[in-house]
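Shown next: entry26.txt, containing compact mmCIF, C-alpha atoms.
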```txt
# COMPACT_ATOMS: atom_id res chain seq x y z
CA MET S 6 75.32 84.54 104.73
CA ASN S 7 77.36 86.60 102.28
CA LYS S 8 79.93 87.45 104.99
CA LEU S 9 80.31 83.74 105.80
CA LEU S 10 80.97 82.92 102.15
CA GLN S 11 83.53 85.74 101.92
CA PHE S 12 85.26 84.50 105.05
CA ARG S 13 85.36 80.91 103.78
CA PHE S 14 86.72 82.08 100.43
CA LEU S 15 89.46 84.16 102.10
CA LEU S 16 90.36 81.27 104.37
CA ILE S 17 90.63 78.82 101.46
CA SER S 18 92.60 81.36 99.39
CA THR S 19 95.01 81.98 102.25
CA PHE S 20 95.69 78.28 102.77
CA SER S 21 96.09 77.79 99.02
CA LEU S 22 98.77 80.49 98.97
CA ILE S 23 100.54 79.10 102.00
CA PHE S 24 100.82 75.68 100.38
CA ALA S 25 101.68 77.11 96.96
CA PHE S 26 104.61 79.12 98.32
CA ALA S 27 105.79 76.56 100.87
CA THR S 28 108.98 74.75 100.04
CA PRO S 29 110.34 71.76 101.88
CA GLN S 30 113.14 72.62 104.28
CA SER S 31 116.48 71.11 103.41
CA LYS S 32 117.96 68.76 106.00
CA GLN S 33 121.16 70.77 105.80
CA GLN S 34 119.42 73.95 106.97
CA HIS S 35 119.57 74.93 110.61
CA GLU S 36 116.50 73.89 112.60
CA MET S 37 115.38 76.97 114.52
CA THR S 38 114.64 76.80 118.21
CA ALA S 39 111.41 78.27 119.58
CA SER S 40 113.25 81.32 120.93
CA GLU S 41 114.94 81.91 117.54
CA ILE S 42 111.55 81.77 115.80
CA VAL S 43 110.06 84.27 118.27
CA GLN S 44 113.07 86.57 117.78
CA SER S 45 112.81 86.31 113.98
CA LEU S 46 109.17 87.47 114.14
CA ASP S 47 109.78 90.27 116.63
CA TYR S 48 108.33 93.65 115.71
CA ALA S 49 111.55 95.34 116.85
CA ASN S 50 113.48 93.68 114.00
CA PHE S 51 111.74 95.54 111.17
CA PRO S 52 114.29 97.60 109.21
CA GLN S 53 112.82 100.89 110.52
CA VAL S 54 110.37 100.51 113.40
CA ASN S 55 109.86 104.28 113.63
CA SER S 56 108.74 104.90 110.07
CA GLY S 57 105.88 104.22 107.73
CA CYS S 58 102.88 102.07 108.56
CA ILE S 59 104.30 100.65 111.79
CA SER S 60 105.05 104.02 113.39
CA ASN S 61 102.94 106.50 115.32
CA GLY S 62 100.64 103.85 116.77
CA CYS S 63 99.05 102.96 113.44
CA HIS S 64 100.12 99.35 112.96
CA ASP S 65 102.69 99.12 115.71
CA LYS S 66 103.51 95.67 117.07
CA ILE S 67 102.34 94.02 113.85
CA GLU S 68 104.09 90.78 112.95
CA PRO S 69 105.97 90.45 109.66
CA ILE S 70 104.59 88.30 106.87
CA ARG S 71 107.69 86.08 107.11
CA GLN S 72 110.62 85.77 109.49
CA HIS S 73 112.85 88.83 109.17
CA GLY S 74 115.87 86.83 108.01
CA SER S 75 113.99 84.85 105.38
CA LYS S 76 114.66 85.28 101.68
CA MET S 77 111.10 86.52 101.08
CA ALA S 78 111.25 89.15 103.84
CA SER S 79 114.65 90.34 102.61
CA MET S 80 113.33 90.75 99.07
CA ILE S 81 110.24 92.61 100.33
CA TYR S 82 112.43 94.97 102.38
CA GLN S 83 114.72 95.59 99.38
CA LYS S 84 111.77 96.28 97.09
CA GLY S 85 110.20 98.52 99.74
CA GLU S 86 113.45 100.45 100.21
CA LYS S 87 113.41 101.35 96.48
CA VAL S 88 109.99 103.02 96.87
CA GLY S 89 110.71 104.70 100.20
CA ASP S 90 109.12 102.09 102.48
CA PRO S 91 111.97 100.11 104.07
CA ASN S 92 109.51 97.95 106.02
CA GLY S 93 107.95 96.81 102.75
CA CYS S 94 104.29 97.23 103.67
CA ILE S 95 103.31 98.85 100.36
CA VAL S 96 105.00 96.12 98.32
CA CYS S 97 101.99 93.90 99.00
CA HIS S 98 99.34 96.29 100.34
CA ALA S 99 99.86 99.48 98.29
CA GLY S 100 98.55 102.55 100.12
CA SER S 101 100.82 105.32 101.39
CA PRO S 102 103.16 104.87 104.36
CA PHE S 103 104.09 108.55 104.20
CA SER S 104 100.93 109.93 105.81
CA ASN S 105 99.67 109.75 109.38
CA ASP S 106 96.14 110.49 108.13
CA LYS S 107 94.33 107.14 107.99
CA ASN S 108 92.24 108.10 104.95
CA ILE S 109 95.26 109.19 102.93
CA ALA S 110 97.44 106.28 104.09
CA HIS S 111 94.75 103.73 103.19
CA GLU S 112 93.81 105.25 99.84
CA ASN S 113 94.11 102.53 97.16
CA MET S 114 95.23 100.08 99.86
CA ILE S 115 94.82 96.36 99.17
CA LYS S 116 93.45 94.89 102.38
CA PHE S 117 93.77 91.26 101.28
CA PRO S 118 96.72 91.05 98.86
CA ALA S 119 96.30 87.27 98.50
CA SER S 120 92.79 87.65 97.07
CA LEU S 121 92.45 86.03 93.65
CA TRP S 122 91.11 89.33 92.27
CA VAL S 123 94.36 91.20 92.94
CA ILE S 124 96.99 88.48 93.31
CA ASP S 125 98.49 89.25 89.88
CA LYS S 126 99.32 92.78 91.09
CA THR S 127 100.57 91.71 94.53
CA CYS S 128 102.12 88.26 94.95
CA GLY S 129 102.42 87.92 91.17
CA GLU S 130 104.98 90.72 91.02
CA CYS S 131 107.55 88.37 92.58
CA HIS S 132 105.92 84.96 92.15
CA PRO S 133 104.33 84.87 88.66
CA LYS S 134 104.63 81.07 88.28
CA HIS S 135 102.90 80.43 91.61
CA VAL S 136 100.08 82.81 90.72
CA TYR S 137 99.71 81.14 87.33
CA ASN S 138 99.33 77.78 89.09
CA ILE S 139 96.92 79.16 91.69
CA HIS S 140 94.60 80.48 88.98
CA ARG S 141 94.55 77.04 87.37
CA ASN S 142 93.98 75.16 90.63
CA LEU S 143 90.87 72.99 90.59
CA ARG S 144 89.34 75.04 93.42
CA ASN S 145 89.37 78.11 91.17
CA VAL S 146 87.73 76.57 88.10
CA SER S 147 84.10 77.43 87.41
```
Structure rendered as structure tokens:
Amino acid sequence: MNKLLQFRFLLISTFSLIFAFATPQSKQQHEMTASEIVQSLDYANFPQVNSGCISNGCHDKIEPIRQHGSKMASMIYQKGEKVGDPNGCIVCHAGSPFSNDKNIAHENMIKFPASLWVIDKTCGECHPKHVYNIHRNLRNVS
């Protein structure tokens, strides 16, 4: 029963974040075709597919959190580059992309960065106003 409650909580939290960060698309923006969307989510378009978490068979073929050309992905890649992780995995998940040893790489890793218990340290680093609003959402009031 506890696992079911955890799953439901994570599912609700994830959808809350999706809607909190979603912004309406301007009519002036280019509508992407299906093939452009697939290309923008292609594993091969990470800044460095042969380094960090997505190399050596660890998390290879993983999809990005956003389309590679999006503003959010670009900011994550820039922030990751500053700390030696050009693919930006540790920006949200922490851990260490510099080790091929699973135990070392996953030490202090945040498995669910959108969890309300850690969101201030993850999403809140770039989106403090959204996190503020999420904490005050009616679904999160006791």
Kindly provide the residues of segment 30-100 of chain S that approach segment 117-134 of chain S to within 10 Å, each paired with its closest atom pair and their distance in Å to one decimal, based on only C-alpha atoms, listed by chain and increasing number, as a Markdown table.
```
| residue | atom | partner | partner_atom | distance |
| --- | --- | --- | --- | --- |
| S:Met77 | CA | S:Cys131 | CA | 9.4 |
| S:Met80 | CA | S:Cys131 | CA | 9.0 |
| S:Ile81 | CA | S:Cys131 | CA | 9.2 |
| S:Ile95 | CA | S:Thr127 | CA | 9.6 |
| S:Val96 | CA | S:Thr127 | CA | 7.3 |
| S:Cys97 | CA | S:Thr127 | CA | 5.2 |
| S:His98 | CA | S:Pro118 | CA | 6.0 |
| S:Ala99 | CA | S:Thr127 | CA | 8.7 |
```
Study note, to complete from the structure: Taken to one decimal, the atom CA of Cys63 of chain S-atom CA of Glu41 of chain S distance is 26.7 Å
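Proximity to Ala78 of chain S was assessed for S:Asn50, S:Ser104, S:Ser60, S:Asn113 counting all atoms listed in the file; the smallest distance is recorded for S:Asn50.
Using all atoms listed in the file, the nearest neighbour of Gln53 of chain S within the list S:Asn138, S:Ile109, S:Asp90, S:Ile115 is S:Asp90.
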Would you compute an axis-aligned box for segment 119-122 of chain S, covering every atom listed for it in the file with 6 Å of margin on each side, and report centre and edge lengths in Å to one decimal as AutoDock Vina command-line options?
```
--center_x 93.7 --center_y 87.7 --center_z 95.4 --size_x 17.2 --size_y 15.3 --size_z 18.2
```
Exercise for review: Kindly provide, as a list in words, the polymer residues lying within 12 Å of (95.7, 106.0, 108.4), counting only C-alpha atoms and using the coordinates exactly as they appear in the file.
Suggested key: Gly57, Cys58, Ile59, Ser60, Asn61, Gly62, Cys63, His64, Gly100, Ser101, Pro102, Phe103, Ser104, Asn105, Asp106, Lys107, Asn108, Ile109, Ala110, His111, Glu112, Asn113 and Met114 of chain S
Review point. Expressed in Å to a single decimal, how great is the separation between atom CA of Ala39 of chain S and atom CA of Gln83 of chain S?
Key: 26.8 Å
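Note that the spacing between atom CA of Lys66 of chain S and atom CA of Gly89 of chain S amounts to 20.4 Å.
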Would you mind completing segment 62-83 of chain S to N, CA and C atoms and writing the output as a short mmCIF file (atom, residue, chain, number, x, y, z; two decimals), keeping the file's coordinate frame?
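Once written, part05.cif looks like this:
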```cif
data_model
loop_
_atom_site.label_atom_id
_atom_site.label_comp_id
_atom_site.auth_asym_id
_atom_site.auth_seq_id
_atom_site.Cartn_x
_atom_site.Cartn_y
_atom_site.Cartn_z
N GLY S 62 101.79 104.55 116.23
CA GLY S 62 100.64 103.85 116.77
C GLY S 62 99.66 103.33 115.74
N CYS S 63 99.98 103.45 114.46
CA CYS S 63 99.05 102.96 113.44
C CYS S 63 99.00 101.44 113.44
N HIS S 64 100.05 100.81 113.01
CA HIS S 64 100.12 99.35 112.96
C HIS S 64 101.31 98.86 113.76
N ASP S 65 101.55 99.51 114.89
CA ASP S 65 102.69 99.12 115.71
C ASP S 65 102.46 97.72 116.29
N LYS S 66 103.51 97.04 116.52
CA LYS S 66 103.51 95.67 117.07
C LYS S 66 102.95 94.64 116.11
N ILE S 67 102.83 94.98 114.83
CA ILE S 67 102.34 94.02 113.85
C ILE S 67 103.46 93.03 113.53
N GLU S 68 103.10 91.79 113.28
CA GLU S 68 104.09 90.78 112.95
C GLU S 68 104.41 90.85 111.46
N PRO S 69 105.61 90.47 111.09
CA PRO S 69 105.97 90.45 109.66
C PRO S 69 105.29 89.28 108.95
N ILE S 70 105.21 89.37 107.64
CA ILE S 70 104.59 88.30 106.87
C ILE S 70 105.44 87.04 106.90
N ARG S 71 106.73 87.19 107.00
CA ARG S 71 107.69 86.08 107.11
C ARG S 71 108.73 86.46 108.14
N GLN S 72 109.54 85.50 108.55
CA GLN S 72 110.62 85.77 109.49
C GLN S 72 111.56 86.78 108.87
N HIS S 73 112.03 87.73 109.67
CA HIS S 73 112.85 88.83 109.17
C HIS S 73 114.06 88.37 108.36
N GLY S 74 114.68 87.29 108.72
CA GLY S 74 115.87 86.83 108.01
C GLY S 74 115.59 85.97 106.80
N SER S 75 114.33 85.72 106.51
CA SER S 75 113.99 84.85 105.38
C SER S 75 114.27 85.55 104.05
N LYS S 76 114.40 84.75 103.02
CA LYS S 76 114.66 85.28 101.68
C LYS S 76 113.50 86.18 101.22
N MET S 77 112.27 85.73 101.50
CA MET S 77 111.10 86.52 101.08
C MET S 77 111.06 87.87 101.78
N ALA S 78 111.27 87.88 103.10
CA ALA S 78 111.25 89.15 103.84
C ALA S 78 112.36 90.07 103.34
N SER S 79 113.53 89.53 103.11
CA SER S 79 114.65 90.34 102.61
C SER S 79 114.32 90.97 101.27
N MET S 80 113.70 90.21 100.39
CA MET S 80 113.33 90.75 99.07
C MET S 80 112.24 91.82 99.20
N ILE S 81 111.28 91.60 100.10
CA ILE S 81 110.24 92.61 100.33
C ILE S 81 110.85 93.89 100.86
N TYR S 82 111.77 93.78 101.82
CA TYR S 82 112.43 94.97 102.38
C TYR S 82 113.24 95.70 101.31
N GLN S 83 113.94 94.96 100.45
CA GLN S 83 114.72 95.59 99.38
C GLN S 83 113.81 96.32 98.40
#
```
